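Student: Supplied in structure tokens, the structure appears directly below.
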Amino acid sequence: MNIDTPDRVRAAATTADEQLRLAALYRYEVLDTAPEVAFDDIALLAAHICKAPIALVSFVDQHRQWFKSRIGIDSEQTARDVSFCTHTIRRPDDLLVVPDALADPRFSDNPLVAAGPCIRFYAGAPLVTPEGHALGALCVKDVVPRNLDAQQQQALRALSRQVVTLLELRRNVQERKRIEDLLRAKNEDLKTFAYTVSHDLKAPLRGISGYAQELERRHQDGLGERARFCIQQIITASHNLDQLIEDLLNYSRFVAEKPESNEVHLPDLIGRILRDRSLTLGEQGVQVDLQLPPLVLQTWECGLHQVLSNLIDNALKYSRHARPPRLSIQAERLEACCRIRVADNGIGFDMKYHDRIFGLFNRLVRTSEFEGTGAGLAIVAKLVDKLGGSVRAESSLGQGATFLIDLPLHAPRPSCAL
Amino acid sequence: MTTLRPILMVEDNEMDLDLCMQAFKEHSLVNPLVICRDGEEALQYIDAHPEAADPGVPLIVLLDLRLPKVDGIDVLRHARQHAVWQQVPFIVLTTSRQNSDIGAAYRLGVSSYIVKPVDFVEFTEVAKRIEMYWVLTNVPPFAGP
């Protein structure tokens, strides 16, 4: 394609690419936005380096050219058919330099040249996306015929690449904000849903439990042994369901919760958790062994409290038949993290089930042997994830279990907060 | 002989209502029970008994937060704006531990917030405590009719 090719042919040649080009332009959501310093600075640099009174960051829309940044002119946009940049974008690999617009048949009768601002000189570097679409141009203009030296041309090309980089970064940030907003909204939905569901599930449950208990308390006469057993089972089952609903609600609350950042003195935290269980520790004659250096972590206190509480409760539960039950809690500062170990001498488990035990409502024991719904470790796994750490277990059947938590020494980045 | 003031129950769930009445019966509560089946009925009842001397003004109100037509919180708000009813103790009985509900209820001056337990025996304990304290022990704000 050269300057002798008739206009209509040139126009037709851009149509195929034009739809894709426009789509690419709209994806950047830059048209008709407020001025931004980052873009203005690039126009400024272009004007300085090229020693030109006019510099523009221009985007070529379907019927117009719109300026994100402008130096030396007032209008925000011009019609596409009088724009220089619309020619620039046809050759994405090249600068368009017009040393004297009056002498150039493409522009000699252009109203911006023959009259008005009387533009005589134009140099534009196309703004080309990584996919190869030319969205517009970074250009400089002057009112006298002139040119750009080699360094100025190089600078203009470099600055045009900077504009594209800016567009990309800006789009990534916007996308991220959009996703964060969406996640926040979904979290709120989940919270509300969980509360509503648990409330609505509990109502008929109260009915089942209430009437079964009334049968048991006041209408035993005339009921055979089997009938009384049936009633007992109904009552037990409804209590289990109640517990399941509570645990499900708890679990979904932790899923939706937003972590905060607190300064946590680890030995203090563990001390508090153990004091809350002093009755159980005493009744079961648990031997507690603590190896805790005075570590201070920058982390989510509420989340860590729940994690350690659940692990300690599990340790106590599954070791209560041991003589004596032993609970050991250790912490050490490793290079990149803090490692906390909670170990017991309880029934342990087969390592082949290691991953399963962290699943919601997954249990390896019968409810008749050990109470619980299997939500504890699922909550631990979810919370440790939010804390930016990791959890794993080591065990063998009959030989107790050790749970290891690795936590970062500093709170995770906000992106983990959702 | 002074007539006993009623206990007003605002509850839409039939089973909860029935079980609650059972619980009060078990503890031989003698005060009459007045039932409103939704928030609108509750508002109408409040408006129909505006004077302290009115025997229909209850000793205590047991209020479920989640009600059809008009929400429990709105019933509470309406009562608190009423010269006589703002002195009647309101006990909120509900499954909702949701913080916003608790906060809103206390801000509107609810006297007590009790979560309905699934265990009926536990519930009868709750009913008994309600009766022991509010009906028998607590000195009502104004004399009987």
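Identifiers for the structure tokens are assigned positionally: chains receive A, B, ... in sequence, residues are indexed from 1 per chain, and ligands are indexed from 1 in the order shown.
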Which residues in range 333-370 of chain A does DSSP call strand (DSSP E)? List them as number ranges by chain.

Tutor: A: 333, 337-344

Student: Those residues with all heavy atoms, as a short mmCIF file (atom, residue, chain, number, x, y, z; two decimals), in the first residue's frame please?

Tutor:
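result.cif, freshly written:
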```cif
data_model
loop_
_atom_site.label_atom_id
_atom_site.label_comp_id
_atom_site.auth_asym_id
_atom_site.auth_seq_id
_atom_site.Cartn_x
_atom_site.Cartn_y
_atom_site.Cartn_z
N ARG A 333 11.03 -21.27 65.14
CA ARG A 333 11.13 -20.32 64.05
C ARG A 333 12.09 -20.88 63.02
O ARG A 333 13.27 -21.08 63.30
CB ARG A 333 11.65 -19.00 64.62
CG ARG A 333 11.59 -17.87 63.65
CD ARG A 333 12.46 -16.72 64.13
NE ARG A 333 12.65 -15.77 63.06
CZ ARG A 333 12.13 -14.55 63.07
NH1 ARG A 333 11.39 -14.15 64.07
NH2 ARG A 333 12.35 -13.74 62.06
N CYS A 337 9.46 -19.37 57.94
CA CYS A 337 8.16 -19.49 58.56
C CYS A 337 8.29 -19.88 60.02
O CYS A 337 9.39 -20.09 60.54
CB CYS A 337 7.33 -20.56 57.83
SG CYS A 337 8.02 -22.20 58.00
N CYS A 338 7.10 -19.96 60.65
CA CYS A 338 7.05 -20.44 62.02
C CYS A 338 6.35 -21.79 61.97
O CYS A 338 5.30 -21.93 61.35
CB CYS A 338 6.25 -19.45 62.86
SG CYS A 338 5.72 -20.12 64.44
N ARG A 339 6.93 -22.80 62.61
CA ARG A 339 6.29 -24.12 62.58
C ARG A 339 5.76 -24.46 63.95
O ARG A 339 6.49 -24.40 64.95
CB ARG A 339 7.31 -25.18 62.13
CG ARG A 339 6.72 -26.59 62.16
CD ARG A 339 7.57 -27.58 61.42
NE ARG A 339 7.56 -27.30 59.98
CZ ARG A 339 8.34 -27.89 59.10
NH1 ARG A 339 9.21 -28.78 59.49
NH2 ARG A 339 8.28 -27.58 57.82
N ILE A 340 4.46 -24.80 63.99
CA ILE A 340 3.83 -25.19 65.26
C ILE A 340 3.44 -26.66 65.14
O ILE A 340 2.83 -27.07 64.16
CB ILE A 340 2.57 -24.34 65.53
CG1 ILE A 340 2.92 -22.86 65.46
CG2 ILE A 340 1.97 -24.69 66.89
CD1 ILE A 340 1.71 -21.93 65.55
N ARG A 341 3.80 -27.41 66.17
CA ARG A 341 3.46 -28.84 66.18
C ARG A 341 2.49 -29.13 67.33
O ARG A 341 2.75 -28.74 68.47
CB ARG A 341 4.70 -29.67 66.46
CG ARG A 341 5.42 -30.24 65.29
CD ARG A 341 6.64 -30.98 65.78
NE ARG A 341 7.82 -30.28 65.28
CZ ARG A 341 8.52 -30.68 64.21
NH1 ARG A 341 8.18 -31.78 63.59
NH2 ARG A 341 9.55 -29.99 63.81
N VAL A 342 1.38 -29.80 67.04
CA VAL A 342 0.46 -30.24 68.09
C VAL A 342 0.42 -31.76 68.00
O VAL A 342 -0.02 -32.32 67.00
CB VAL A 342 -0.95 -29.67 67.89
CG1 VAL A 342 -1.90 -30.19 68.96
CG2 VAL A 342 -0.92 -28.15 67.90
N ALA A 343 0.92 -32.41 69.07
CA ALA A 343 1.03 -33.87 69.02
C ALA A 343 0.27 -34.51 70.18
O ALA A 343 0.18 -33.95 71.27
CB ALA A 343 2.49 -34.28 69.05
N ASP A 344 -0.26 -35.71 69.93
CA ASP A 344 -0.94 -36.45 71.00
C ASP A 344 -0.52 -37.91 70.94
O ASP A 344 0.10 -38.34 69.97
CB ASP A 344 -2.47 -36.35 70.84
CG ASP A 344 -2.97 -37.02 69.58
OD1 ASP A 344 -3.06 -38.27 69.51
OD2 ASP A 344 -3.24 -36.27 68.62
#
```

Student: Give me, as a Markdown table, the closest atom pair and its distance (Å, one decimal) for every residue of chain A within a cut-off of 7 Å of chain B, counting only C-alpha atoms, rows sorted by chain and rising number.

Tutor:
```
| residue | atom | partner | partner_atom | distance |
| --- | --- | --- | --- | --- |
| A:His199 | CA | B:Thr95 | CA | 6.0 |
| A:Leu205 | CA | B:Val118 | CA | 6.8 |
| A:Arg206 | CA | B:Val118 | CA | 4.6 |
| A:Gly207 | CA | B:Met15 | CA | 5.6 |
| A:Ser209 | CA | B:Asp119 | CA | 6.4 |
| A:Gly210 | CA | B:Phe120 | CA | 4.8 |
| A:Gln213 | CA | B:Phe120 | CA | 6.6 |
```

Student: Go through A:Ser368, A:Leu274, A:Asp268, A:Pro324 and flag the residue nearest Ile312 in chain A, using only C-alpha atoms for the distances.

Tutor: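 Closest to Ile312 in chain A, using only C-alpha atoms: A:Leu274.
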
Student: Within 10 Å of range 42-49 of chain B, counting only C-alpha atoms, which residues qualify if same-chain residues fewer than 4 places away don't, as an NGL selection string?

Tutor: :B and (8-11 or 34-38 or 53-58 or 63 or 70 or 72 or 74-76 or 78-79 or 82 or 84-85)

Student: Using only C-alpha atoms, please write the residues we just selected to a file, as a compact mmCIF listing (two decimals), in the first residue's frame.

Tutor:
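Writing done, so here's selection.txt:
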```txt
# COMPACT_ATOMS: atom_id res chain seq x y z
CA LEU B 8 -48.00 -12.02 74.73
CA MET B 9 -46.37 -14.42 72.29
CA VAL B 10 -45.58 -13.28 68.78
CA GLU B 11 -44.69 -16.42 66.88
CA VAL B 34 -52.16 -14.15 74.00
CA ILE B 35 -50.86 -15.21 70.62
CA CYS B 36 -50.13 -13.04 67.58
CA ARG B 37 -49.32 -15.04 64.47
CA ASP B 38 -47.42 -12.37 62.55
CA ALA B 53 -54.86 0.38 82.92
CA ASP B 54 -55.87 -1.87 80.02
CA PRO B 55 -55.80 -5.50 81.24
CA GLY B 56 -54.64 -6.52 77.77
CA VAL B 57 -51.20 -4.92 78.22
CA PRO B 58 -48.97 -7.92 78.83
CA LEU B 63 -41.08 -12.05 70.32
CA VAL B 70 -43.91 -7.23 59.59
CA GLY B 72 -39.91 -8.66 64.76
CA ASP B 74 -40.16 -3.45 63.46
CA VAL B 75 -42.65 -4.65 66.07
CA LEU B 76 -40.06 -3.87 68.72
CA HIS B 78 -43.13 0.33 67.19
CA ALA B 79 -43.54 -0.72 70.82
CA HIS B 82 -45.24 3.92 72.58
CA VAL B 84 -46.89 2.56 77.77
CA TRP B 85 -45.44 -0.30 75.71
```

Student: Would you compute the distance between CA of Val30 in chain B and CA of Leu4 in chain B? Give it in Å to one decimal.

Tutor: 8.1 Å

Student: Go ahead and compute the interatomic distance for CA of Val98 in chain A and CA of Tyr122 in chain A, in Å to one decimal.

Tutor: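 Atom-to-atom, CA of Val98 in chain A and CA of Tyr122 in chain A are spaced 5.0 Å apart.
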
Student: Given the choices B:Ile114, B:Leu33, B:Val92, B:Met21, which gets closest to Leu59 in chain B if the distance is worked out from only C-alpha atoms?

Tutor: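 Distance minimum relative to Leu59 in chain B lands on B:Leu33.
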
Student: I want to know what sits within 12 Å of Ser328 in chain A, based on only C-alpha atoms, with residues of the same chain fewer than 6 positions away left out; could you give that as a compact mmCIF listing (two decimals) with N, CA and C atoms, in the first residue's frame?

Tutor:
```txt
# COMPACT_ATOMS: atom_id res chain seq x y z
N ILE A 270 -1.65 -19.71 73.13
CA ILE A 270 -1.80 -21.12 73.47
C ILE A 270 -2.18 -21.27 74.94
N LEU A 274 -5.46 -23.28 76.41
CA LEU A 274 -5.37 -24.37 77.37
C LEU A 274 -6.14 -24.04 78.65
N VAL A 286 -4.49 -35.07 81.75
CA VAL A 286 -3.63 -34.92 80.57
C VAL A 286 -2.28 -34.35 80.97
N GLN A 287 -1.22 -34.97 80.49
CA GLN A 287 0.12 -34.42 80.69
C GLN A 287 0.43 -33.48 79.53
N VAL A 288 0.63 -32.20 79.87
CA VAL A 288 0.86 -31.21 78.82
C VAL A 288 2.33 -30.83 78.78
N ASP A 289 2.93 -30.92 77.59
CA ASP A 289 4.32 -30.55 77.43
C ASP A 289 4.40 -29.41 76.42
N LEU A 290 4.89 -28.24 76.88
CA LEU A 290 4.95 -27.08 76.00
C LEU A 290 6.39 -26.69 75.74
N GLN A 291 6.73 -26.54 74.45
CA GLN A 291 8.04 -26.01 74.11
C GLN A 291 7.81 -24.81 73.20
N LEU A 292 7.63 -23.65 73.82
CA LEU A 292 7.23 -22.46 73.05
C LEU A 292 8.17 -21.31 73.32
N LEU A 311 -7.21 -28.11 66.74
CA LEU A 311 -6.18 -29.15 66.80
C LEU A 311 -6.03 -29.68 68.23
N ILE A 312 -6.06 -28.76 69.19
CA ILE A 312 -5.93 -29.19 70.58
C ILE A 312 -7.14 -30.01 71.00
N ALA A 315 -6.74 -33.41 69.61
CA ALA A 315 -5.71 -34.16 70.33
C ALA A 315 -6.27 -34.72 71.64
N LEU A 316 -7.01 -33.88 72.36
CA LEU A 316 -7.60 -34.31 73.63
C LEU A 316 -8.64 -35.40 73.42
N SER A 319 -7.13 -38.84 72.37
CA SER A 319 -6.16 -39.46 73.28
C SER A 319 -6.78 -39.73 74.65
N ILE A 340 4.46 -24.80 63.99
CA ILE A 340 3.83 -25.19 65.26
C ILE A 340 3.44 -26.66 65.14
N ARG A 341 3.80 -27.41 66.17
CA ARG A 341 3.46 -28.84 66.18
C ARG A 341 2.49 -29.13 67.33
N VAL A 342 1.38 -29.80 67.04
CA VAL A 342 0.46 -30.24 68.09
C VAL A 342 0.42 -31.76 68.00
N ALA A 343 0.92 -32.41 69.07
CA ALA A 343 1.03 -33.87 69.02
C ALA A 343 0.27 -34.51 70.18
N ASP A 344 -0.26 -35.71 69.93
CA ASP A 344 -0.94 -36.45 71.00
C ASP A 344 -0.52 -37.91 70.94
N ASN A 345 -0.88 -38.67 72.00
CA ASN A 345 -0.57 -40.10 72.01
C ASN A 345 -1.87 -40.91 71.90
N GLY A 346 -2.76 -40.45 71.04
CA GLY A 346 -4.07 -41.07 70.91
C GLY A 346 -4.09 -42.18 69.88
N GLY A 400 -0.62 -42.32 68.02
CA GLY A 400 -0.80 -40.88 68.15
C GLY A 400 -0.67 -40.15 66.83
N ALA A 401 -0.87 -38.86 66.89
CA ALA A 401 -0.79 -38.05 65.67
C ALA A 401 -0.12 -36.73 65.97
N THR A 402 0.60 -36.23 64.96
CA THR A 402 1.22 -34.89 65.08
C THR A 402 0.72 -34.05 63.93
N PHE A 403 0.21 -32.85 64.24
CA PHE A 403 -0.22 -31.93 63.20
C PHE A 403 0.78 -30.79 63.15
N LEU A 404 1.28 -30.53 61.92
CA LEU A 404 2.28 -29.48 61.75
C LEU A 404 1.70 -28.32 60.96
```

Student: Using Å and a single decimal, report how far CA of Gln330 in chain A sits from CA of Asn250 in chain A.

Tutor: 27.3 Å
